[in-house]
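Chemist: Below is a structure I'd like to ask you about.
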Amino acid sequence: MCGRFVITSAPAALRQLFGYIEQPNFPSRYNVAPTQPIPVVLLENGARHFRLMRWGLLPSWVKDPKGFTLLINARSETVLEKPAFKNAIRRRRGLIPADGYYEWKAEGGRKQPFFIHRADSEPLGFAAVFETWVGPNGEELDTVAIVTAAAGEDLAALHDRVPVTISPRDFERWLDSRGDDVDAVLPLMSTPRIGEFAWHPVSTRVNRVANDDDQLVLPISAEEMEAEAEAAKPKKAARKVAASSSDDGQRSLF
């Protein structure tokens, strides 16, 4: 799955790559998380547009979003069948600009985070499907989910799922849903080529959504990983010591 990602490329560079009309100016984000507004590129009236949407798709038929599961990912193998996604994959496909994402691997009884990015360090576009949910009072909320696929031989060492990434040469094909024909985009929902992505371990500081700085994507050493693992171990409770007569029942600080 994909549960956190990174956007660090300059807004102007992303605008040139994805070709949308708007000129948004936004800061680098190093720990984008579900339920947050994220940039989505879509095709509307023959032109590409930039729009912010909530990460976590809400199908239009949902009555009460509070009781509905947060859908941050859509599996490519079942996206044509699942009621939550089958209309969106035909009519509402988008691209999410990113520069990498995080995945967690179980190691030694704990989960070690890794930062995953293109081996050539170029930006990437996650395949996405979106829906506009309309509430009982007419309020509208644009929501989106990232399409995932089975991991290839290399990335499977970290997790069995990966976000589907669309090559720039295929942006137009993925975004164009005017014909309601999904067959043309089925081959695009594939696993990345072996060697296309690289990764390295990062600090467990990324586990906390409030942390959002450039230090999160830096590689950490084996010694730093060990120190974080040691710090995460539960502390033993201090042994209760009987009060001495010299402190009148209060604990001495020294």
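So you can find residues: chains in the structure tokens are A, B, ... in the order shown, residues in each start at 1, and ligands are numbered from 1 in order.
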Determine, counting only C-alpha atoms, which protein, DNA and RNA residues have an atom within 6 Å of an atom of Arg118 in chain A; residues of the same chain fewer than 2 positions away are not included. Present the result as a list in words.

Modeler: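 Contacts, in chain order: Asp120, Ser121, Glu196, Phe197 and Ala198 of chain A.
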
Chemist: With C-alpha atoms retained, could you export that selection as a CSV table (one decimal), in the first residue's frame?

Modeler:
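Once everything was written out, this is again00.csv:
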chain,number,residue,atom,x,y,z
A,120,ASP,CA,17.1,8.7,-11.4
A,121,SER,CA,15.6,11.0,-8.7
A,196,GLU,CA,13.4,1.6,-11.6
A,197,PHE,CA,13.2,2.5,-7.9
A,198,ALA,CA,15.8,2.8,-5.1

Chemist: Pull the closest atom pair for each residue of range 82-192 of chain A that gets at most 8 Å from range 67-74 of chain A, along with the distance in Å to one decimal, counting only C-alpha atoms, ordering rows by chain and then ascending residue number, as a Markdown table.

Modeler:
| residue | atom | partner | partner_atom | distance |
| --- | --- | --- | --- | --- |
| A:Phe85 | CA | A:Ala74 | CA | 7.3 |
| A:Val144 | CA | A:Ile72 | CA | 7.2 |
| A:Ala145 | CA | A:Ile72 | CA | 4.7 |
| A:Ile146 | CA | A:Asn73 | CA | 4.7 |
| A:Val147 | CA | A:Ala74 | CA | 4.6 |
| A:Thr148 | CA | A:Ala74 | CA | 6.0 |

Chemist: Just asking: which residues within range 21-99 of chain A are strand (DSSP E or B) according to DSSP, as an MDAnalysis selection string?

Modeler: chainID A and resid 29:32 37:44 47:55 57 71 73:75 93:98

Chemist: Give me a file of those residues, with N, CA and C atoms, as an mmCIF file, in the first residue's frame.

Modeler:
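part-v9.cif was written with the following content:
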data_model
loop_
_atom_site.group_PDB
_atom_site.id
_atom_site.type_symbol
_atom_site.label_atom_id
_atom_site.label_comp_id
_atom_site.auth_asym_id
_atom_site.auth_seq_id
_atom_site.Cartn_x
_atom_site.Cartn_y
_atom_site.Cartn_z
ATOM 1 N N ARG A 29 6.647 19.132 0.926
ATOM 2 C CA ARG A 29 6.022 18.315 1.960
ATOM 3 C C ARG A 29 6.797 17.009 2.066
ATOM 4 N N TYR A 30 7.194 16.662 3.297
ATOM 5 C CA TYR A 30 8.016 15.477 3.499
ATOM 6 C C TYR A 30 7.287 14.350 4.220
ATOM 7 N N ASN A 31 6.005 14.554 4.524
ATOM 8 C CA ASN A 31 5.270 13.524 5.258
ATOM 9 C C ASN A 31 3.773 13.688 5.012
ATOM 10 N N VAL A 32 3.374 13.572 3.753
ATOM 11 C CA VAL A 32 1.970 13.725 3.392
ATOM 12 C C VAL A 32 1.205 12.490 3.860
ATOM 13 N N PRO A 37 -5.272 17.411 2.370
ATOM 14 C CA PRO A 37 -5.466 17.816 0.972
ATOM 15 C C PRO A 37 -4.189 17.585 0.178
ATOM 16 N N ILE A 38 -4.305 16.955 -0.963
ATOM 17 C CA ILE A 38 -3.133 16.660 -1.790
ATOM 18 C C ILE A 38 -3.401 17.109 -3.227
ATOM 19 N N PRO A 39 -2.349 17.426 -3.997
ATOM 20 C CA PRO A 39 -2.538 17.877 -5.379
ATOM 21 C C PRO A 39 -2.907 16.725 -6.297
ATOM 22 N N VAL A 40 -3.869 16.968 -7.164
ATOM 23 C CA VAL A 40 -4.293 15.981 -8.163
ATOM 24 C C VAL A 40 -4.379 16.685 -9.515
ATOM 25 N N VAL A 41 -3.819 16.055 -10.540
ATOM 26 C CA VAL A 41 -3.908 16.571 -11.907
ATOM 27 C C VAL A 41 -5.004 15.792 -12.635
ATOM 28 N N LEU A 42 -5.915 16.514 -13.292
ATOM 29 C CA LEU A 42 -7.026 15.876 -13.999
ATOM 30 C C LEU A 42 -7.265 16.544 -15.335
ATOM 31 N N LEU A 43 -7.991 15.863 -16.195
ATOM 32 C CA LEU A 43 -8.329 16.400 -17.511
ATOM 33 C C LEU A 43 -9.775 16.865 -17.490
ATOM 34 N N GLU A 44 -9.992 18.133 -17.848
ATOM 35 C CA GLU A 44 -11.329 18.708 -17.808
ATOM 36 C C GLU A 44 -11.490 19.653 -18.990
ATOM 37 N N ALA A 47 -8.385 20.179 -21.170
ATOM 38 C CA ALA A 47 -7.155 20.754 -20.610
ATOM 39 C C ALA A 47 -6.843 20.127 -19.258
ATOM 40 N N ARG A 48 -5.561 20.105 -18.915
ATOM 41 C CA ARG A 48 -5.151 19.568 -17.614
ATOM 42 C C ARG A 48 -5.250 20.649 -16.547
ATOM 43 N N HIS A 49 -5.746 20.241 -15.380
ATOM 44 C CA HIS A 49 -5.928 21.170 -14.274
ATOM 45 C C HIS A 49 -5.334 20.603 -12.988
ATOM 46 N N PHE A 50 -4.981 21.503 -12.085
ATOM 47 C CA PHE A 50 -4.452 21.182 -10.762
ATOM 48 C C PHE A 50 -5.567 21.420 -9.751
ATOM 49 N N ARG A 51 -5.831 20.421 -8.914
ATOM 50 C CA ARG A 51 -6.880 20.575 -7.923
ATOM 51 C C ARG A 51 -6.470 19.875 -6.623
ATOM 52 N N LEU A 52 -6.809 20.484 -5.495
ATOM 53 C CA LEU A 52 -6.558 19.848 -4.203
ATOM 54 C C LEU A 52 -7.738 18.956 -3.849
ATOM 55 N N MET A 53 -7.434 17.751 -3.402
ATOM 56 C CA MET A 53 -8.462 16.799 -2.988
ATOM 57 C C MET A 53 -8.057 16.134 -1.680
ATOM 58 N N ARG A 54 -9.053 15.663 -0.934
ATOM 59 C CA ARG A 54 -8.764 14.939 0.300
ATOM 60 C C ARG A 54 -8.300 13.536 -0.025
ATOM 61 N N TRP A 55 -7.171 13.142 0.570
ATOM 62 C CA TRP A 55 -6.673 11.790 0.354
ATOM 63 C C TRP A 55 -7.507 10.822 1.199
ATOM 64 N N LEU A 57 -10.788 8.294 -0.558
ATOM 65 C CA LEU A 57 -11.927 8.423 -1.463
ATOM 66 C C LEU A 57 -13.254 8.128 -0.769
ATOM 67 N N LEU A 71 -10.678 5.023 2.291
ATOM 68 C CA LEU A 71 -10.105 4.326 1.133
ATOM 69 C C LEU A 71 -8.962 5.153 0.557
ATOM 70 N N ASN A 73 -6.189 3.670 -0.882
ATOM 71 C CA ASN A 73 -5.633 2.922 -2.004
ATOM 72 C C ASN A 73 -6.726 2.146 -2.721
ATOM 73 N N ALA A 74 -6.527 1.908 -4.026
ATOM 74 C CA ALA A 74 -7.427 1.088 -4.833
ATOM 75 C C ALA A 74 -6.579 0.029 -5.528
ATOM 76 N N ARG A 75 -6.872 -1.237 -5.299
ATOM 77 C CA ARG A 75 -6.094 -2.319 -5.895
ATOM 78 C C ARG A 75 -6.387 -2.415 -7.398
ATOM 79 N N ARG A 93 -10.129 9.617 -13.642
ATOM 80 C CA ARG A 93 -8.743 9.216 -13.359
ATOM 81 C C ARG A 93 -7.874 10.462 -13.217
ATOM 82 N N GLY A 94 -6.948 10.411 -12.274
ATOM 83 C CA GLY A 94 -6.061 11.544 -12.058
ATOM 84 C C GLY A 94 -4.621 11.103 -11.830
ATOM 85 N N LEU A 95 -3.762 12.091 -11.675
ATOM 86 C CA LEU A 95 -2.348 11.859 -11.377
ATOM 87 C C LEU A 95 -1.979 12.660 -10.130
ATOM 88 N N ILE A 96 -1.233 12.035 -9.240
ATOM 89 C CA ILE A 96 -0.770 12.718 -8.039
ATOM 90 C C ILE A 96 0.736 12.949 -8.149
ATOM 91 N N PRO A 97 1.182 14.203 -8.276
ATOM 92 C CA PRO A 97 2.628 14.476 -8.337
ATOM 93 C C PRO A 97 3.306 14.089 -7.019
ATOM 94 N N ALA A 98 4.460 13.469 -7.123
ATOM 95 C CA ALA A 98 5.200 13.052 -5.925
ATOM 96 C C ALA A 98 6.678 12.918 -6.273
#

Chemist: Which distance in Å separates CA of Ala149 in chain A and CA of Gly3 in chain A, to one decimal?

Modeler: 14.0 Å

Chemist: One decimal, Å: what's the distance from CA of Gly125 in chain A over to CA of Ile166 in chain A, could you say?

Modeler: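 Computing the Euclidean distance for CA of Gly125 in chain A and CA of Ile166 in chain A yields 5.6 Å.
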
Chemist: Write out as a PyMOL selection string each polymer residue whose atoms come within 8 Å of range 188-195 of chain A, counting only C-alpha atoms; drop sequence neighbours fewer than 2 positions from it.

Modeler: chain A and resi 76+119+127+147-154+162+164-166+170+174+185-186+197-198

Chemist: Include C-alpha atoms and write out the residues we just selected as a short mmCIF file (atom, residue, chain, number, x, y, z; two decimals), in the first residue's frame.

Modeler:
data_model
loop_
_atom_site.label_atom_id
_atom_site.label_comp_id
_atom_site.auth_asym_id
_atom_site.auth_seq_id
_atom_site.Cartn_x
_atom_site.Cartn_y
_atom_site.Cartn_z
CA SER A 76 -5.51 -2.48 -9.65
CA ALA A 119 16.53 5.65 -9.12
CA ALA A 127 -2.15 6.76 -10.77
CA VAL A 147 -4.03 2.89 -7.37
CA THR A 148 -1.68 0.10 -6.26
CA ALA A 149 -0.30 -3.06 -7.86
CA ALA A 150 1.58 -6.13 -6.71
CA ALA A 151 5.24 -5.37 -6.01
CA GLY A 152 7.95 -6.62 -8.34
CA GLU A 153 10.78 -8.89 -7.29
CA ASP A 154 12.93 -6.10 -5.90
CA VAL A 162 3.42 -0.59 -4.62
CA VAL A 164 1.12 2.47 -9.71
CA THR A 165 3.24 5.13 -11.39
CA ILE A 166 2.42 6.52 -14.83
CA ASP A 170 1.33 7.96 -20.87
CA TRP A 174 -4.34 7.76 -18.34
CA VAL A 185 -5.40 2.09 -19.56
CA LEU A 186 -5.39 -1.45 -18.17
CA PHE A 197 13.20 2.52 -7.89
CA ALA A 198 15.79 2.82 -5.13
#

Chemist: Go through A:Gln215, A:Gln36, A:Asn137, A:Thr132 and flag the residue nearest Leu58 in chain A, using only C-alpha atoms for the distances.

Modeler: A:Thr132

Chemist: Which parts of range 55-245 of chain A does DSSP call alpha helix (DSSP H) when run on the backbone here, written out as a list in words?

Modeler: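 The alpha helix (DSSP H) residues within range 55-245 of chain A come out as Ala88, Ile89, Arg90, Arg91, Phe171, Glu172, Arg173, Trp174, Leu175, Ala222, Glu223, Glu224, Met225, Glu226, Ala227, Glu228, Ala229, Glu230, Ala231 and Ala232 of chain A.
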
Chemist: How many Å lie between CA of Pro27 in chain A and CA of Asp214 in chain A, rounded to one decimal?

Modeler: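 Going from CA of Pro27 in chain A over to CA of Asp214 in chain A, I get 11.6 Å.
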
Chemist: Kindly indicate which residue among A:Ile7, A:Ala157, A:Leu141, A:Ala232 lies nearest to Arg205 in chain A, using only C-alpha atoms for the distances.

Modeler: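 Going through A:Ile7, A:Ala157, A:Leu141, A:Ala232 one by one, the smallest distance to Arg205 in chain A is for A:Ala232.
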